[in-house]
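Written below as structure tokens is the structure these notes are about.
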Amino acid sequence: MCFGAVRSNEQRRYAAVRQTVAWCYRGGSISAEPRINDRIRVPEVRLVGPSGEQVGIVPLAKALELAQEYDLDLVEVAANARPPVCKLMDYGKFKYESAMKAREARKNQAHTVIKEMKLRPKIDPHDYDTKKGHVVRFLKQGDKVKITIMFRGREQSRPELGYRLLQRLAEDVQDLGFVESNPKQDGRNMIMVLGPHKKKTEAMAEARQAQEARKAEAKANPGKSQNAAESEAPAEEPAEA
């Protein structure tokens, strides 16, 4: 091995050691967790009591002594302040409650979804009622619905058929949604977008309330729910002789 290579390796090791020392001096690697108890390395802190009361600027040793006295943790809540702000709290309980709040927020988070429903200009009444039922269900769930009329062959020369069909559908569901994007021609298709009157979060809350009400009713009347399930079950066919 040549001398230059040895020197290069020594320089890399020296740089790694310097970087490690710098991390240790700054309090370790970057972490989202606040510093607590013995990890706090400042001479004094601005202390906040367990109930949010302002204690004032006290030496770190005194703050740690109070934390032990109250059987709590000393948590650094504002590291960039001078001196840093620390609070007396049960850090384990605080982390648990924060995780539960974040979980509930994710549970209630609403994502706008655009459903799509395709129709033909000369759709028969039964199919139209079925398609409209799907659109009603989507709007009740708080979702947008993209309605697409598909033209084929000679139907392309009669765009008014698709326009009238879209107008009819918009009028049939006007109690649940509104025309967000007016009908427009897109090649062989005509497209319209319906938006729900209810927000996604409201629809989700109503669905949860309805589900909880059904569960409470089933728990209060177990015999009634069982009889309803049996009445909905298909009857058995008689055995062949």
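Chain labels run A, B, ... following the order of the structure tokens; each chain numbers its residues from 1, and ligands are numbered from 1 in the order shown.
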Just list as a ChimeraX atom specification whatever in region 6-217 of chain A DSSP marks as alpha helix (DSSP H).
/A:6-25,60-69,91-108,125-140,159-172,200-217
Skip region 194-197 of chain A itself and residues of its chain fewer than 6 positions away, then list as JSON, numbers by chain all residues within 12 Å of it, counting only C-alpha atoms.
{"A": [112, 113, 114, 115, 116, 117, 135, 136, 137, 138, 139, 140, 141, 142, 143, 144, 145, 146, 147, 148, 166, 167, 169, 170, 171, 172, 173, 174, 175, 176, 177, 178, 179, 180, 181, 182, 183, 203]}
What does the distance between CA of Lys93 (chain A) and CA of Asn37 (chain A) come to in Å, to one decimal place?
15.5 Å
Region 74-176 of chain A: residues DSSP assigns to strand (DSSP E), reported as a PyMOL selection string
chain A and resi 74-78+85-89+114-119+144-150
